[in-house]
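Chemist: Enclosed is the structure file data.pdb (PDB, C-alpha atoms).
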```pdb
ATOM      1  CA  MET A  26      12.906 -10.147  14.669  1.00  0.00           C
ATOM      2  CA  PRO A  27      10.360 -12.725  15.893  1.00  0.00           C
ATOM      3  CA  ILE A  28       7.423 -12.919  13.493  1.00  0.00           C
ATOM      4  CA  ALA A  29       4.944 -12.182  16.289  1.00  0.00           C
ATOM      5  CA  GLU A  30       6.358  -8.667  16.545  1.00  0.00           C
ATOM      6  CA  LEU A  31       4.997  -8.031  13.044  1.00  0.00           C
ATOM      7  CA  LEU A  32       1.435  -8.777  14.133  1.00  0.00           C
ATOM      8  CA  LEU A  33      -1.165  -6.114  14.900  1.00  0.00           C
ATOM      9  CA  VAL A  34      -4.109  -7.860  16.541  1.00  0.00           C
ATOM     10  CA  GLY A  35      -7.529  -7.072  17.882  1.00  0.00           C
ATOM     11  CA  PHE A  36      -8.996  -8.404  21.108  1.00  0.00           C
ATOM     12  CA  SER A  37     -12.163  -8.238  23.166  1.00  0.00           C
ATOM     13  CA  GLY A  38     -12.448  -6.464  26.489  1.00  0.00           C
ATOM     14  CA  THR A  39     -12.203  -3.047  28.059  1.00  0.00           C
ATOM     15  CA  GLU A  40      -9.671  -3.888  30.750  1.00  0.00           C
ATOM     16  CA  ILE A  41      -6.684  -6.131  31.410  1.00  0.00           C
ATOM     17  CA  VAL A  42      -7.806  -7.621  34.701  1.00  0.00           C
ATOM     18  CA  GLY A  43      -9.196 -11.093  34.118  1.00  0.00           C
ATOM     19  CA  ASN A  44      -8.656 -10.871  30.344  1.00  0.00           C
ATOM     20  CA  ASP A  45      -6.894 -14.118  29.448  1.00  0.00           C
ATOM     21  CA  GLU A  46      -7.085 -13.353  25.711  1.00  0.00           C
ATOM     22  CA  ILE A  47      -5.002 -10.202  25.769  1.00  0.00           C
ATOM     23  CA  ARG A  48      -2.591 -11.615  28.347  1.00  0.00           C
ATOM     24  CA  ALA A  49      -1.924 -14.584  26.085  1.00  0.00           C
ATOM     25  CA  LEU A  50      -1.405 -12.345  23.046  1.00  0.00           C
ATOM     26  CA  VAL A  51       0.982  -9.979  24.828  1.00  0.00           C
ATOM     27  CA  CYS A  52       2.800 -12.371  27.167  1.00  0.00           C
ATOM     28  CA  ASP A  53       2.783 -15.705  25.333  1.00  0.00           C
ATOM     29  CA  VAL A  54       2.581 -14.784  21.643  1.00  0.00           C
ATOM     30  CA  LYS A  55       4.352 -11.447  22.265  1.00  0.00           C
ATOM     31  CA  VAL A  56       2.582  -9.589  19.468  1.00  0.00           C
ATOM     32  CA  GLY A  57       4.008  -6.286  18.315  1.00  0.00           C
ATOM     33  CA  GLY A  58       0.807  -4.291  18.547  1.00  0.00           C
ATOM     34  CA  VAL A  59      -2.899  -4.157  19.209  1.00  0.00           C
ATOM     35  CA  ILE A  60      -5.739  -2.347  17.457  1.00  0.00           C
ATOM     36  CA  LEU A  61      -8.591  -0.838  19.432  1.00  0.00           C
ATOM     37  CA  PHE A  62     -12.232  -0.614  18.336  1.00  0.00           C
ATOM     38  CA  GLU A  63     -15.186   1.181  19.836  1.00  0.00           C
ATOM     39  CA  ARG A  64     -17.955  -1.299  19.067  1.00  0.00           C
ATOM     40  CA  ASP A  65     -18.186  -5.071  18.854  1.00  0.00           C
ATOM     41  CA  LEU A  66     -20.015  -5.856  15.610  1.00  0.00           C
ATOM     42  CA  ALA A  67     -21.192  -9.236  16.863  1.00  0.00           C
ATOM     43  CA  THR A  68     -22.797  -8.017  20.083  1.00  0.00           C
ATOM     44  CA  GLY A  69     -23.366  -4.323  19.409  1.00  0.00           C
ATOM     45  CA  GLY A  70     -21.769  -3.521  22.756  1.00  0.00           C
ATOM     46  CA  PRO A  71     -18.422  -1.918  23.614  1.00  0.00           C
ATOM     47  CA  ARG A  72     -15.376  -3.787  22.342  1.00  0.00           C
ATOM     48  CA  ASN A  73     -12.439  -1.891  23.838  1.00  0.00           C
ATOM     49  CA  MET A  74     -13.666   1.648  24.512  1.00  0.00           C
ATOM     50  CA  VAL A  75     -16.175   3.136  26.941  1.00  0.00           C
ATOM     51  CA  ASN A  76     -14.941   6.620  27.879  1.00  0.00           C
ATOM     52  CA  PRO A  77     -11.673   8.598  27.901  1.00  0.00           C
ATOM     53  CA  GLU A  78     -10.689   7.536  31.422  1.00  0.00           C
ATOM     54  CA  GLN A  79     -11.215   3.854  30.655  1.00  0.00           C
ATOM     55  CA  VAL A  80      -9.309   4.053  27.342  1.00  0.00           C
ATOM     56  CA  ARG A  81      -6.332   5.726  29.002  1.00  0.00           C
ATOM     57  CA  ARG A  82      -6.339   3.117  31.788  1.00  0.00           C
ATOM     58  CA  LEU A  83      -6.516   0.290  29.235  1.00  0.00           C
ATOM     59  CA  THR A  84      -3.611   1.573  27.122  1.00  0.00           C
ATOM     60  CA  THR A  85      -1.500   2.256  30.218  1.00  0.00           C
ATOM     61  CA  ASP A  86      -2.119  -1.265  31.487  1.00  0.00           C
ATOM     62  CA  LEU A  87      -1.387  -2.725  28.040  1.00  0.00           C
ATOM     63  CA  GLN A  88       1.994  -0.991  27.925  1.00  0.00           C
ATOM     64  CA  SER A  89       2.835  -2.091  31.465  1.00  0.00           C
ATOM     65  CA  LEU A  90       1.962  -5.670  30.558  1.00  0.00           C
ATOM     66  CA  ALA A  91       4.056  -5.538  27.378  1.00  0.00           C
ATOM     67  CA  ARG A  92       7.093  -4.172  29.165  1.00  0.00           C
ATOM     68  CA  MET A  93       6.784  -6.818  31.871  1.00  0.00           C
ATOM     69  CA  CYS A  94       6.272  -9.754  29.481  1.00  0.00           C
ATOM     70  CA  ALA A  95       8.100  -8.737  26.302  1.00  0.00           C
ATOM     71  CA  GLY A  96      10.528  -6.097  27.522  1.00  0.00           C
ATOM     72  CA  ARG A  97       9.292  -3.518  25.015  1.00  0.00           C
ATOM     73  CA  PRO A  98       6.289  -1.265  24.396  1.00  0.00           C
ATOM     74  CA  LEU A  99       3.384  -2.047  22.084  1.00  0.00           C
ATOM     75  CA  PHE A 100       2.116  -0.313  19.011  1.00  0.00           C
ATOM     76  CA  VAL A 101      -1.405   0.728  19.992  1.00  0.00           C
ATOM     77  CA  ALA A 102      -3.398   1.533  16.864  1.00  0.00           C
ATOM     78  CA  ALA A 103      -6.866   2.820  15.987  1.00  0.00           C
ATOM     79  CA  ASP A 104      -8.681   4.338  13.010  1.00  0.00           C
ATOM     80  CA  ASN A 105      -9.066   8.075  13.532  1.00  0.00           C
ATOM     81  CA  GLU A 106      -9.530   9.684  10.126  1.00  0.00           C
ATOM     82  CA  GLY A 107     -11.771  12.544  11.192  1.00  0.00           C
ATOM     83  CA  GLY A 108     -15.473  12.875  10.438  1.00  0.00           C
ATOM     84  CA  ARG A 109     -17.437   9.633  10.672  1.00  0.00           C
ATOM     85  CA  VAL A 110     -14.495   7.300  11.179  1.00  0.00           C
ATOM     86  CA  MET A 111     -13.259   8.143  14.669  1.00  0.00           C
ATOM     87  CA  ARG A 112     -12.708   5.393  17.218  1.00  0.00           C
ATOM     88  CA  LEU A 113     -12.176   8.181  19.755  1.00  0.00           C
ATOM     89  CA  SER A 114     -15.686   9.354  18.974  1.00  0.00           C
ATOM     90  CA  THR A 115     -17.962  12.010  20.380  1.00  0.00           C
ATOM     91  CA  ARG A 116     -20.122   9.143  21.640  1.00  0.00           C
ATOM     92  CA  LEU A 117     -17.357   8.354  24.113  1.00  0.00           C
ATOM     93  CA  GLY A 118     -16.820  11.966  25.119  1.00  0.00           C
ATOM     94  CA  TYR A 119     -14.019  12.946  22.742  1.00  0.00           C
ATOM     95  CA  PRO A 120     -14.106  16.182  20.692  1.00  0.00           C
ATOM     96  CA  PRO A 121     -15.378  16.099  17.092  1.00  0.00           C
ATOM     97  CA  ALA A 122     -12.935  16.209  14.189  1.00  0.00           C
ATOM     98  CA  LEU A 123     -13.309  17.556  10.667  1.00  0.00           C
ATOM     99  CA  SER A 124     -13.686  14.932   7.950  1.00  0.00           C
ATOM    100  CA  PRO A 125     -11.160  14.534   5.136  1.00  0.00           C
ATOM    101  CA  GLN A 126     -13.849  15.744   2.718  1.00  0.00           C
ATOM    102  CA  GLU A 127     -14.342  18.939   4.724  1.00  0.00           C
ATOM    103  CA  LEU A 128     -10.603  19.529   4.886  1.00  0.00           C
ATOM    104  CA  GLY A 129     -10.235  18.934   1.160  1.00  0.00           C
ATOM    105  CA  GLN A 130     -13.075  21.324   0.367  1.00  0.00           C
ATOM    106  CA  THR A 131     -11.523  24.002   2.573  1.00  0.00           C
ATOM    107  CA  ASP A 132      -8.269  23.309   0.722  1.00  0.00           C
ATOM    108  CA  ASP A 133      -5.947  24.940   3.224  1.00  0.00           C
ATOM    109  CA  VAL A 134      -3.099  22.604   4.110  1.00  0.00           C
ATOM    110  CA  ASP A 135      -2.328  24.655   7.220  1.00  0.00           C
ATOM    111  CA  VAL A 136      -5.837  23.926   8.498  1.00  0.00           C
ATOM    112  CA  THR A 137      -5.397  20.223   7.733  1.00  0.00           C
ATOM    113  CA  ARG A 138      -2.036  20.126   9.488  1.00  0.00           C
ATOM    114  CA  ALA A 139      -3.413  21.914  12.551  1.00  0.00           C
ATOM    115  CA  GLU A 140      -6.471  19.654  12.708  1.00  0.00           C
ATOM    116  CA  ALA A 141      -4.280  16.563  12.485  1.00  0.00           C
ATOM    117  CA  ARG A 142      -1.991  17.952  15.186  1.00  0.00           C
ATOM    118  CA  ARG A 143      -5.001  18.528  17.457  1.00  0.00           C
ATOM    119  CA  MET A 144      -6.352  15.034  16.750  1.00  0.00           C
ATOM    120  CA  GLY A 145      -2.898  13.623  17.382  1.00  0.00           C
ATOM    121  CA  ALA A 146      -2.730  15.245  20.803  1.00  0.00           C
ATOM    122  CA  THR A 147      -6.018  13.552  21.703  1.00  0.00           C
ATOM    123  CA  LEU A 148      -4.656  10.211  20.521  1.00  0.00           C
ATOM    124  CA  ARG A 149      -1.445  10.686  22.488  1.00  0.00           C
ATOM    125  CA  ASP A 150      -3.366  11.547  25.650  1.00  0.00           C
ATOM    126  CA  ALA A 151      -5.425   8.367  25.148  1.00  0.00           C
ATOM    127  CA  GLY A 152      -2.266   6.266  24.885  1.00  0.00           C
ATOM    128  CA  ILE A 153      -2.710   5.494  21.176  1.00  0.00           C
ATOM    129  CA  ASN A 154       0.542   5.877  19.249  1.00  0.00           C
ATOM    130  CA  TRP A 155      -0.455   4.754  15.739  1.00  0.00           C
ATOM    131  CA  ASN A 156      -3.281   6.282  13.727  1.00  0.00           C
ATOM    132  CA  LEU A 157      -4.463   4.131  10.805  1.00  0.00           C
ATOM    133  CA  ALA A 158      -4.974   7.186   8.610  1.00  0.00           C
ATOM    134  CA  PRO A 159      -5.012   9.148   6.349  1.00  0.00           C
ATOM    135  CA  VAL A 160      -7.177   7.804   3.548  1.00  0.00           C
ATOM    136  CA  VAL A 161      -5.392   8.573   0.279  1.00  0.00           C
ATOM    137  CA  ASP A 162      -7.992   7.153  -2.078  1.00  0.00           C
ATOM    138  CA  VAL A 163      -8.878   9.541  -4.891  1.00  0.00           C
ATOM    139  CA  ALA A 164     -12.636  10.145  -5.139  1.00  0.00           C
ATOM    140  CA  VAL A 165     -12.961   8.859  -8.699  1.00  0.00           C
ATOM    141  CA  ASN A 166     -16.484   7.462  -8.290  1.00  0.00           C
ATOM    142  CA  PRO A 167     -18.806   9.964  -6.556  1.00  0.00           C
ATOM    143  CA  LEU A 168     -21.146   7.088  -5.667  1.00  0.00           C
ATOM    144  CA  ASN A 169     -18.470   4.917  -4.080  1.00  0.00           C
ATOM    145  CA  PRO A 170     -20.059   3.566  -0.872  1.00  0.00           C
ATOM    146  CA  ALA A 171     -16.888   2.761   1.038  1.00  0.00           C
ATOM    147  CA  VAL A 172     -15.031   6.058   1.238  1.00  0.00           C
ATOM    148  CA  VAL A 173     -16.384   8.766  -1.076  1.00  0.00           C
ATOM    149  CA  THR A 174     -20.031   9.059  -0.004  1.00  0.00           C
ATOM    150  CA  LEU A 175     -18.926   8.797   3.635  1.00  0.00           C
ATOM    151  CA  GLY A 176     -16.676  11.853   3.365  1.00  0.00           C
ATOM    152  CA  ARG A 177     -13.511   9.833   3.933  1.00  0.00           C
ATOM    153  CA  THR A 178     -11.580  11.167   0.913  1.00  0.00           C
ATOM    154  CA  PHE A 179      -9.899  14.538   0.542  1.00  0.00           C
ATOM    155  CA  SER A 180     -10.747  15.100  -3.111  1.00  0.00           C
ATOM    156  CA  SER A 181     -11.229  13.788  -6.636  1.00  0.00           C
ATOM    157  CA  ASP A 182      -8.044  15.691  -7.547  1.00  0.00           C
ATOM    158  CA  PRO A 183      -4.897  13.617  -6.880  1.00  0.00           C
ATOM    159  CA  GLU A 184      -2.811  16.754  -6.356  1.00  0.00           C
ATOM    160  CA  ARG A 185      -5.150  17.884  -3.597  1.00  0.00           C
ATOM    161  CA  VAL A 186      -5.234  14.410  -2.048  1.00  0.00           C
ATOM    162  CA  THR A 187      -1.445  14.354  -1.964  1.00  0.00           C
ATOM    163  CA  ALA A 188      -1.142  17.830  -0.453  1.00  0.00           C
ATOM    164  CA  HIS A 189      -3.649  17.229   2.316  1.00  0.00           C
ATOM    165  CA  ALA A 190      -2.469  13.709   3.101  1.00  0.00           C
ATOM    166  CA  ARG A 191       1.046  15.090   3.495  1.00  0.00           C
ATOM    167  CA  ALA A 192      -0.189  17.864   5.780  1.00  0.00           C
ATOM    168  CA  PHE A 193      -2.229  15.371   7.816  1.00  0.00           C
ATOM    169  CA  ILE A 194       0.821  13.152   8.272  1.00  0.00           C
ATOM    170  CA  GLU A 195       2.969  16.107   9.282  1.00  0.00           C
ATOM    171  CA  GLY A 196       0.434  17.194  11.891  1.00  0.00           C
ATOM    172  CA  MET A 197       0.200  13.690  13.335  1.00  0.00           C
ATOM    173  CA  HIS A 198       3.968  13.362  13.441  1.00  0.00           C
ATOM    174  CA  ASP A 199       4.202  16.733  15.176  1.00  0.00           C
ATOM    175  CA  ALA A 200       2.027  15.223  17.915  1.00  0.00           C
ATOM    176  CA  GLY A 201       4.204  12.108  18.093  1.00  0.00           C
ATOM    177  CA  ILE A 202       1.728   9.801  16.359  1.00  0.00           C
ATOM    178  CA  LEU A 203       2.614   7.277  13.651  1.00  0.00           C
ATOM    179  CA  THR A 204       0.437   7.117  10.524  1.00  0.00           C
ATOM    180  CA  ALA A 205      -0.584   4.625   7.826  1.00  0.00           C
ATOM    181  CA  LEU A 206      -1.722   5.403   4.286  1.00  0.00           C
ATOM    182  CA  LYS A 207      -4.836   3.540   3.140  1.00  0.00           C
ATOM    183  CA  HIS A 208      -6.540   1.996   1.123  1.00  0.00           C
ATOM    184  CA  PHE A 209      -4.239   2.717  -1.752  1.00  0.00           C
ATOM    185  CA  PRO A 210      -4.698   2.134  -4.579  1.00  0.00           C
ATOM    186  CA  GLY A 211      -8.160   1.873  -6.032  1.00  0.00           C
ATOM    187  CA  HIS A 212     -10.908   2.064  -3.444  1.00  0.00           C
ATOM    188  CA  GLY A 213     -12.045   5.493  -4.573  1.00  0.00           C
ATOM    189  CA  SER A 214     -13.249   4.087  -7.887  1.00  0.00           C
ATOM    190  CA  SER A 215     -14.999   0.905  -6.740  1.00  0.00           C
ATOM    191  CA  ARG A 216     -18.743   0.364  -7.064  1.00  0.00           C
ATOM    192  CA  GLU A 217     -18.902  -1.851  -3.972  1.00  0.00           C
ATOM    193  CA  ASP A 218     -17.683  -1.678  -0.411  1.00  0.00           C
ATOM    194  CA  SER A 219     -14.841  -4.091   0.325  1.00  0.00           C
ATOM    195  CA  HIS A 220     -16.003  -4.271   3.949  1.00  0.00           C
ATOM    196  CA  ALA A 221     -19.018  -6.219   2.658  1.00  0.00           C
ATOM    197  CA  GLY A 222     -17.179  -8.630   0.348  1.00  0.00           C
ATOM    198  CA  PHE A 223     -14.816  -8.967  -2.588  1.00  0.00           C
ATOM    199  CA  THR A 224     -14.497  -5.782  -4.640  1.00  0.00           C
ATOM    200  CA  ASP A 225     -13.111  -5.831  -8.183  1.00  0.00           C
ATOM    201  CA  VAL A 226     -11.811  -2.518  -9.572  1.00  0.00           C
ATOM    202  CA  THR A 227     -10.463  -3.951 -12.829  1.00  0.00           C
ATOM    203  CA  ASP A 228     -13.020  -2.072 -14.907  1.00  0.00           C
ATOM    204  CA  THR A 229     -13.415   1.004 -12.714  1.00  0.00           C
ATOM    205  CA  ALA A 230      -9.913   2.026 -11.670  1.00  0.00           C
ATOM    206  CA  ASP A 231      -8.607   5.252 -13.192  1.00  0.00           C
ATOM    207  CA  LEU A 232      -4.867   4.636 -13.059  1.00  0.00           C
ATOM    208  CA  ASP A 233      -3.949   8.055 -14.423  1.00  0.00           C
ATOM    209  CA  ARG A 234      -5.552   9.613 -11.355  1.00  0.00           C
ATOM    210  CA  GLU A 235      -5.183   6.917  -8.742  1.00  0.00           C
ATOM    211  CA  LEU A 236      -1.515   6.257  -9.513  1.00  0.00           C
ATOM    212  CA  ALA A 237      -0.613   9.839 -10.359  1.00  0.00           C
ATOM    213  CA  ARG A 238       2.864  10.975  -9.419  1.00  0.00           C
ATOM    214  CA  THR A 239       2.337  14.304  -7.744  1.00  0.00           C
ATOM    215  CA  GLY A 240       4.435  16.869  -5.943  1.00  0.00           C
ATOM    216  CA  ARG A 241       7.720  16.079  -4.259  1.00  0.00           C
TER     217      ARG A 241
END
```
Transcribe the structure of this file into structure tokens.
Modeler:
Amino acid sequence: MPIAELLLVGFSGTEIVGNDEIRALVCDVKVGGVILFERDLATGGPRNMVNPEQVRRLTTDLQSLARMCAGRPLFVAADNEGGRVMRLSTRLGYPPALSPQELGQTDDVDVTRAEARRMGATLRDAGINWNLAPVVDVAVNPLNPAVVTLGRTFSSDPERVTAHARAFIEGMHDAGILTALKHFPGHGSSREDSHAGFTDVTDTADLDRELARTGR
């Protein structure tokens, strides 16, 4: 396998026409996948997403380009955890989704599976085939700024995290969407946010909980 097929890359732009960057990545480098973001942090404007019609057109054109240049489809990924972290956000006209924290508090795996299946159908309709979720961090530190206080974790109980992560994955797979576990292990215990710099969990990690062997 060419090493470029192992790369998942971001790019700027909301369409293919006139976008030399994405054409070079797909046709010359022949990357294996792309990741889509709603906002460009540098400019504050749209990065890849404006509304559902535009997103669907972009992903369709990306796949057409990949098949023409590389002879295979692309992985098209985005972060859609539910709650606050949804690239297919209500701001763009997509339906809201329950957060992992809400699902964990409800503690009904059938509800979690159904919610993930519904979210997965939205992703599939948008042309996104890989969801970078669920978060499987255990909420060890209630003041953790990266995942816990933002409602991105299912629970402080590893058994509950495992059960709901499994149900979330099953629901996504039912909808034909690939998944990715993150940010395992250790982000649920950190005092800092790794998005803002280096985060050391040497003194905060609770390995009995964060590395617990649970269920089947």
Chemist: Which residues are near Ser89 in chain A? Cut-off 12 Å, all atoms listed in the file, ignore same chain within fewer than 2 positions. Put them as a list in words.
Modeler: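 That gives Ile41, Arg48, Val51, Cys52, Arg82, Leu83, Thr84, Thr85, Asp86, Leu87, Ala91, Arg92, Met93, Cys94, Ala95, Gly96, Arg97, Pro98, Leu99 and Gly152 of chain A.
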Chemist: Calculate how many Å separate CA of His189 in chain A from CA of Glu217 in chain A, rounding to one decimal.
Modeler: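 If I compute the distance from CA of His189 in chain A to CA of Glu217 in chain A, I get 25.2 Å.
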Chemist: Taking only C-alpha atoms into account, which of A:Val110, A:Met197, A:Ala171, A:Val163 comes nearest Thr137 in chain A?
Modeler: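 For Thr137 in chain A, the nearest of the given residues is A:Met197.
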Chemist: With all atoms listed in the file as the counted atoms, please give the residues lying no more than 10 Å from Glu30 in chain A, apart from itself and same-chain residues fewer than 4 positions off, as a PDB file with C-alpha atoms, in the coordinates of the input.
Modeler:
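Result written to around07.pdb:
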```pdb
ATOM      1  CA  MET A  26      12.906 -10.147  14.669  1.00  0.00           C
ATOM      2  CA  VAL A  51       0.982  -9.979  24.828  1.00  0.00           C
ATOM      3  CA  VAL A  54       2.581 -14.784  21.643  1.00  0.00           C
ATOM      4  CA  LYS A  55       4.352 -11.447  22.265  1.00  0.00           C
ATOM      5  CA  VAL A  56       2.582  -9.589  19.468  1.00  0.00           C
ATOM      6  CA  GLY A  57       4.008  -6.286  18.315  1.00  0.00           C
ATOM      7  CA  GLY A  58       0.807  -4.291  18.547  1.00  0.00           C
ATOM      8  CA  ALA A  95       8.100  -8.737  26.302  1.00  0.00           C
ATOM      9  CA  LEU A  99       3.384  -2.047  22.084  1.00  0.00           C
ATOM     10  CA  PHE A 100       2.116  -0.313  19.011  1.00  0.00           C
TER      11      PHE A 100
END
```
Chemist: If the PyMOL selection byres ((chain A and resi 160) around 12) were run on this exact file, what residues would it hold? Put them as a PyMOL selection string.
Modeler: chain A and resi 104-108+110+124-126+129+156-159+161-164+171-173+175-180+186-187+189-191+193-194+204-213
Chemist: Mind working out the centre and edge lengths of an axis-aligned box for range 60-78 of chain A, all listed atoms inside, 3 Å added to each side, rounded to one decimal in Å and written as lines of an AutoDock Vina configuration file?
Modeler:
```
center_x = -14.6
center_y = -0.3
center_z = 23.5
size_x = 23.6
size_y = 23.8
size_z = 21.8
```
Chemist: Translate the PyMOL selection byres ((chain A and resi 80) around 10), as applied to the file shown, into an explicit residue set as a list in words.
Modeler: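 Those residues are Thr39, Glu40, Leu61, Glu63, Asn73, Met74, Val75, Asn76, Pro77, Glu78, Gln79, Arg81, Arg82, Leu83, Thr84, Thr85, Asp86, Leu113, Leu117, Asp150, Ala151, Gly152 and Ile153 of chain A.
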Chemist: Using Å and a single decimal, report how far CA of Arg149 in chain A sits from CA of Ala102 in chain A.
Modeler: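 Computing it gives 10.9 Å between the two atoms.
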Chemist: Find the distance between CA of Thr147 in chain A and CA of Thr68 in chain A and write it in Å to one decimal.
Modeler: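 According to the coordinates, CA of Thr147 in chain A and CA of Thr68 in chain A are separated by 27.4 Å.
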